[in-house]
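Chemist: The following file, model01.txt, comprises compact mmCIF, C-alpha atoms and all ligand atoms:
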```
# COMPACT_ATOMS: atom_id res chain seq x y z
CA ILE A 1 99.42 116.62 92.30
CA GLY A 2 102.99 115.78 91.31
CA GLY A 3 104.12 112.45 89.90
CA SER A 4 103.52 110.38 86.81
CA ASP A 5 100.46 110.78 84.63
CA MET A 6 99.29 107.25 85.19
CA TYR A 7 99.14 107.70 88.94
CA ARG A 8 97.59 111.11 88.60
CA GLN A 9 94.87 109.65 86.41
CA GLN A 10 94.33 106.87 88.91
CA ILE A 11 93.86 109.36 91.73
CA LEU A 12 91.38 111.42 89.73
CA ASP A 13 89.51 108.26 88.78
CA HIS A 14 89.19 107.19 92.43
CA TYR A 15 88.16 110.74 93.33
CA LYS A 16 85.43 110.87 90.70
CA ASN A 17 84.29 107.26 91.13
CA PRO A 18 85.12 106.37 94.71
CA ARG A 19 85.07 102.62 95.36
CA ASN A 20 83.11 101.32 98.32
CA TYR A 21 81.59 104.70 99.00
CA GLY A 22 78.61 104.36 101.30
CA GLU A 23 77.65 102.40 104.36
CA ILE A 24 77.79 98.81 105.52
CA GLU A 25 74.95 97.87 107.80
CA ASP A 26 76.05 95.66 110.67
CA ALA A 27 79.67 96.69 110.33
CA THR A 28 81.92 95.39 113.10
CA PHE A 29 82.95 98.94 113.86
CA THR A 30 82.55 102.46 112.54
CA HIS A 31 84.96 105.28 113.12
CA VAL A 32 85.28 108.88 112.00
CA GLY A 33 88.29 111.12 111.68
CA GLU A 34 89.09 114.66 110.74
CA ASN A 35 91.91 116.40 108.99
CA PRO A 36 92.64 119.21 111.46
CA MET A 37 94.07 121.37 108.65
CA CYS A 38 90.77 121.72 106.83
CA GLY A 39 88.03 120.10 108.90
CA ASP A 40 87.21 117.47 106.27
CA THR A 41 86.05 114.17 107.70
CA ILE A 42 86.04 110.54 106.63
CA GLU A 43 83.89 107.92 108.28
CA MET A 44 84.59 104.25 107.79
CA ASP A 45 82.66 101.04 108.35
CA VAL A 46 84.78 97.92 108.73
CA VAL A 47 83.68 94.30 108.83
CA LEU A 48 86.02 91.84 110.53
CA ASP A 49 85.93 88.06 110.17
CA ASP A 50 84.66 85.87 113.02
CA ASP A 51 88.11 85.65 114.62
CA GLU A 52 88.36 89.43 114.49
CA ASP A 53 91.80 89.30 112.93
CA THR A 54 91.14 89.84 109.23
CA ILE A 55 89.29 92.63 107.46
CA GLU A 56 86.49 91.40 105.23
CA ALA A 57 84.94 94.60 103.91
CA VAL A 58 85.29 98.36 104.14
CA ALA A 59 83.05 101.26 103.18
CA PHE A 60 83.68 104.95 103.64
CA ARG A 61 81.92 108.27 103.25
CA GLY A 62 82.70 111.90 103.79
CA ASP A 63 84.24 114.64 101.81
CA GLY A 64 87.60 116.16 101.18
CA CYS A 65 90.14 116.84 98.48
CA ALA A 66 91.14 114.45 95.71
CA ILE A 67 94.06 113.09 97.71
CA SER A 68 92.00 112.23 100.80
CA GLN A 69 89.16 110.70 98.80
CA ALA A 70 91.42 108.72 96.48
CA SER A 71 93.39 107.47 99.45
CA ALA A 72 90.21 106.28 101.19
CA SER A 73 88.92 104.68 98.00
CA MET A 74 92.19 102.84 97.27
CA LEU A 75 92.47 101.75 100.87
CA SER A 76 88.94 100.38 100.78
CA GLU A 77 90.03 98.10 97.93
CA ARG A 78 93.29 97.14 99.55
CA LEU A 79 92.12 96.38 103.09
CA PRO A 80 89.80 93.41 102.55
CA GLY A 81 91.93 90.31 103.18
CA THR A 82 94.39 92.29 105.27
CA SER A 83 95.00 91.27 108.87
CA ILE A 84 94.61 93.68 111.76
CA GLU A 85 98.32 93.20 112.36
CA GLU A 86 99.13 94.37 108.83
CA LEU A 87 96.77 97.30 109.23
CA ARG A 88 98.48 98.25 112.44
CA GLU A 89 101.87 98.24 110.73
CA MET A 90 100.83 100.49 107.86
CA ASP A 91 102.33 103.94 107.92
CA ARG A 92 102.43 107.07 105.85
CA ASP A 93 105.07 105.68 103.51
CA ASP A 94 102.76 102.79 102.60
CA ILE A 95 100.01 105.25 101.81
CA ILE A 96 102.28 107.47 99.75
CA ASP A 97 103.48 104.36 97.86
CA MET A 98 99.88 103.34 97.29
CA LEU A 99 99.02 106.77 95.89
CA GLY A 100 102.14 106.76 93.71
CA VAL A 101 102.50 110.52 93.56
CA GLU A 102 104.55 113.08 95.39
CA ILE A 103 102.68 114.35 98.41
CA SER A 104 103.70 117.74 99.72
CA PRO A 105 104.14 118.02 103.49
CA MET A 106 100.94 120.08 103.60
CA ARG A 107 99.05 117.22 102.01
CA VAL A 108 100.28 114.34 104.12
CA LYS A 109 97.39 114.77 106.54
CA CYS A 110 94.99 114.44 103.60
CA ALA A 111 96.76 111.30 102.39
CA VAL A 112 96.84 109.47 105.73
CA LEU A 113 93.39 110.39 107.05
CA ALA A 114 91.64 107.20 105.93
CA GLU A 115 94.47 104.98 107.14
CA LYS A 116 94.37 106.59 110.56
CA VAL A 117 90.61 106.21 110.78
CA ALA A 118 90.90 102.49 110.02
CA GLN A 119 93.76 101.98 112.48
CA ASP A 120 92.23 103.94 115.32
CA GLY A 121 88.84 102.37 114.72
CA ALA A 122 90.33 98.89 114.95
CA GLU A 123 92.35 99.68 118.05
CA ILE A 124 89.41 101.28 119.81
CA TYR A 125 87.19 98.36 118.88
CA LEU A 126 89.73 95.84 120.12
CA GLY A 127 90.03 97.79 123.36
CA GLU A 128 93.62 98.79 122.81
CA LYS A 129 93.03 102.48 122.66
CA ASP A 130 91.42 104.93 124.99
CA LEU A 131 87.69 104.71 124.47
CA ASP A 132 87.45 108.44 125.07
CA LYS A 133 89.33 108.97 121.86
CA THR A 134 86.26 108.59 119.74
CA ARG A 135 87.44 110.88 117.00
CA THR A 136 90.64 110.59 115.04
CA GLU A 137 92.77 113.43 113.77
CA SER A 138 95.20 112.80 110.97
CA ASP A 139 97.96 114.31 113.06
CA ASP A 140 101.15 112.40 113.62
FE1 LIG B 1 96.42 117.36 94.14
FE2 LIG B 1 94.76 118.62 95.84
S1 LIG B 1 96.63 119.29 95.06
S2 LIG B 1 94.66 116.68 95.11
FE1 LIG B 2 90.70 118.46 103.47
FE2 LIG B 2 92.62 117.31 102.02
S1 LIG B 2 92.09 119.40 102.09
S2 LIG B 2 91.26 116.40 103.42
```
Give the structure from this file in structure tokens form.
Ligand code: FES
Ligand code: FES

Modeler:
Amino acid sequence: IGGSDMYRQQILDHYKNPRNYGEIEDATFTHVGENPMCGDTIEMDVVLDDDEDTIEAVAFRGDGCAISQASASMLSERLPGTSIEELREMDRDDIIDMLGVEISPMRVKCAVLAEKVAQDGAEIYLGEKDLDKTRTESDD
């Protein structure tokens, strides 16, 4: 991983001690996605508030490299309190900023996997995306 030591340490810390790793029973929705480059998957449980416009809690599970796991872990801390609208507007640059390290083109799919799972899951749940698309790929 390129970039400053502090951010590198932070990524390794999230990788070794992932935050919100596990399941949420009675989640509003659950969605799974795969990085097509390696086959690693991340599954996410998301709880929305009663109005279904703000994220209250997130849990994730799955496996993958340090970048994908750290990204999911950091996102799980960042998303609670975020509106669906803000989630929808997130893009790869936000994720790369969040990670704070240089991400090689090969690794972008690792970095954005969790974000795409959350976005697709929300859009499918809210009926804005094809219900047949039950599985996300971190392909742009
Ligand atoms: Fe840095 Fe894999 S190369 S996490
Ligand atoms: Fe599989 Fe990064 S190598 S998610």

Chemist: Hey, which residues sit close to ligand LIG 1 (chain B)? Say within 12 Å, counting only C-alpha atoms and all ligand atoms, and write them as a PDB file with C-alpha atoms, in the coordinates of the input.

Modeler:
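Wrote it out as out22.pdb, contents follow:
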```
ATOM      1  CA  ILE A   1      99.420 116.620  92.300  1.00  0.00           C
ATOM      2  CA  GLY A   2     102.990 115.780  91.310  1.00  0.00           C
ATOM      3  CA  GLY A   3     104.120 112.450  89.900  1.00  0.00           C
ATOM      4  CA  TYR A   7      99.140 107.700  88.940  1.00  0.00           C
ATOM      5  CA  ARG A   8      97.590 111.110  88.600  1.00  0.00           C
ATOM      6  CA  GLN A   9      94.870 109.650  86.410  1.00  0.00           C
ATOM      7  CA  GLN A  10      94.330 106.870  88.910  1.00  0.00           C
ATOM      8  CA  ILE A  11      93.860 109.360  91.730  1.00  0.00           C
ATOM      9  CA  LEU A  12      91.380 111.420  89.730  1.00  0.00           C
ATOM     10  CA  ASP A  13      89.510 108.260  88.780  1.00  0.00           C
ATOM     11  CA  HIS A  14      89.190 107.190  92.430  1.00  0.00           C
ATOM     12  CA  TYR A  15      88.160 110.740  93.330  1.00  0.00           C
ATOM     13  CA  LYS A  16      85.430 110.870  90.700  1.00  0.00           C
ATOM     14  CA  GLY A  64      87.600 116.160 101.180  1.00  0.00           C
ATOM     15  CA  CYS A  65      90.140 116.840  98.480  1.00  0.00           C
ATOM     16  CA  ALA A  66      91.140 114.450  95.710  1.00  0.00           C
ATOM     17  CA  ILE A  67      94.060 113.090  97.710  1.00  0.00           C
ATOM     18  CA  SER A  68      92.000 112.230 100.800  1.00  0.00           C
ATOM     19  CA  GLN A  69      89.160 110.700  98.800  1.00  0.00           C
ATOM     20  CA  ALA A  70      91.420 108.720  96.480  1.00  0.00           C
ATOM     21  CA  SER A  71      93.390 107.470  99.450  1.00  0.00           C
ATOM     22  CA  LEU A  99      99.020 106.770  95.890  1.00  0.00           C
ATOM     23  CA  VAL A 101     102.500 110.520  93.560  1.00  0.00           C
ATOM     24  CA  GLU A 102     104.550 113.080  95.390  1.00  0.00           C
ATOM     25  CA  ILE A 103     102.680 114.350  98.410  1.00  0.00           C
ATOM     26  CA  SER A 104     103.700 117.740  99.720  1.00  0.00           C
ATOM     27  CA  PRO A 105     104.140 118.020 103.490  1.00  0.00           C
ATOM     28  CA  MET A 106     100.940 120.080 103.600  1.00  0.00           C
ATOM     29  CA  ARG A 107      99.050 117.220 102.010  1.00  0.00           C
ATOM     30  CA  VAL A 108     100.280 114.340 104.120  1.00  0.00           C
ATOM     31  CA  LYS A 109      97.390 114.770 106.540  1.00  0.00           C
ATOM     32  CA  CYS A 110      94.990 114.440 103.600  1.00  0.00           C
ATOM     33  CA  ALA A 111      96.760 111.300 102.390  1.00  0.00           C
TER      34      ALA A 111
END
```

Chemist: For atom CA of Val117 of chain A and atom CA of Glu86 of chain A, quote the distance in Å rounded to one decimal.

Modeler: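 These atoms are spaced 14.7 Å apart.
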
Chemist: Let me make sure I understand: among A:Met98, A:Ile42, A:Val47, A:Leu126, which one has the smallest atom-to-atom distance to ligand LIG 2 (chain B) if we use all atoms listed in the file?

Modeler: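 Smallest separation from ligand LIG 2 (chain B) among the options: A:Ile42.
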
Chemist: Identify which of the residues A:Val32, A:Ala114, A:Val46, A:Ala59 lies closest to Ala72 of chain A, counting all atoms listed in the file when measuring atom-to-atom distances.

Modeler: A:Ala114

Chemist: Figure out the distance between atom CA of Met6 of chain A and atom CA of Glu56 of chain A, please, to one decimal in Å.

Modeler: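 Computing the Euclidean distance for atom CA of Glu56 of chain A and atom CA of Met6 of chain A yields 28.6 Å.
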
Chemist: Which residues come within 12 Å of Thr136 of chain A, counting only C-alpha atoms, excluding same-chain residues fewer than 3 positions away, as a PyMOL selection string?

Modeler: chain A and resi 30-36+39-44+109+112-124+129-133+139-140

Chemist: One decimal, Å: what's the distance from atom FE1 of ligand LIG 2 (chain B) over to atom CA of Gly22 of chain A, could you say?

Modeler: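 Distance between the two atoms: 18.7 Å.
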
Chemist: For a cut-off of 12 Å around (87.8, 88.6, 109.6), file coordinates, pick out all residues using all atoms listed in the file and list them as a PyMOL selection string.

Modeler: chain A and resi 27-28+46-58+79-85+122

Chemist: Go through A:Asp91, A:Glu25, A:Phe60, A:Ser138 one by one, measure the shortest atom-to-atom distance of each to ligand LIG 2 (chain B) using all atoms listed in the file, and give the residue with the smallest value.

Modeler: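 When distances to ligand LIG 2 (chain B) are compared using all atoms listed in the file, the smallest one comes from A:Ser138.
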
Chemist: Give the answer as one residue: which of A:Asp26, A:Glu89, A:Asp63, A:Asp97 has the shortest atom-to-atom distance to ligand LIG 2 (chain B), using all atoms listed in the file?

Modeler: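 Nearest candidate to ligand LIG 2 (chain B) out of A:Asp26, A:Glu89, A:Asp63, A:Asp97: A:Asp63.
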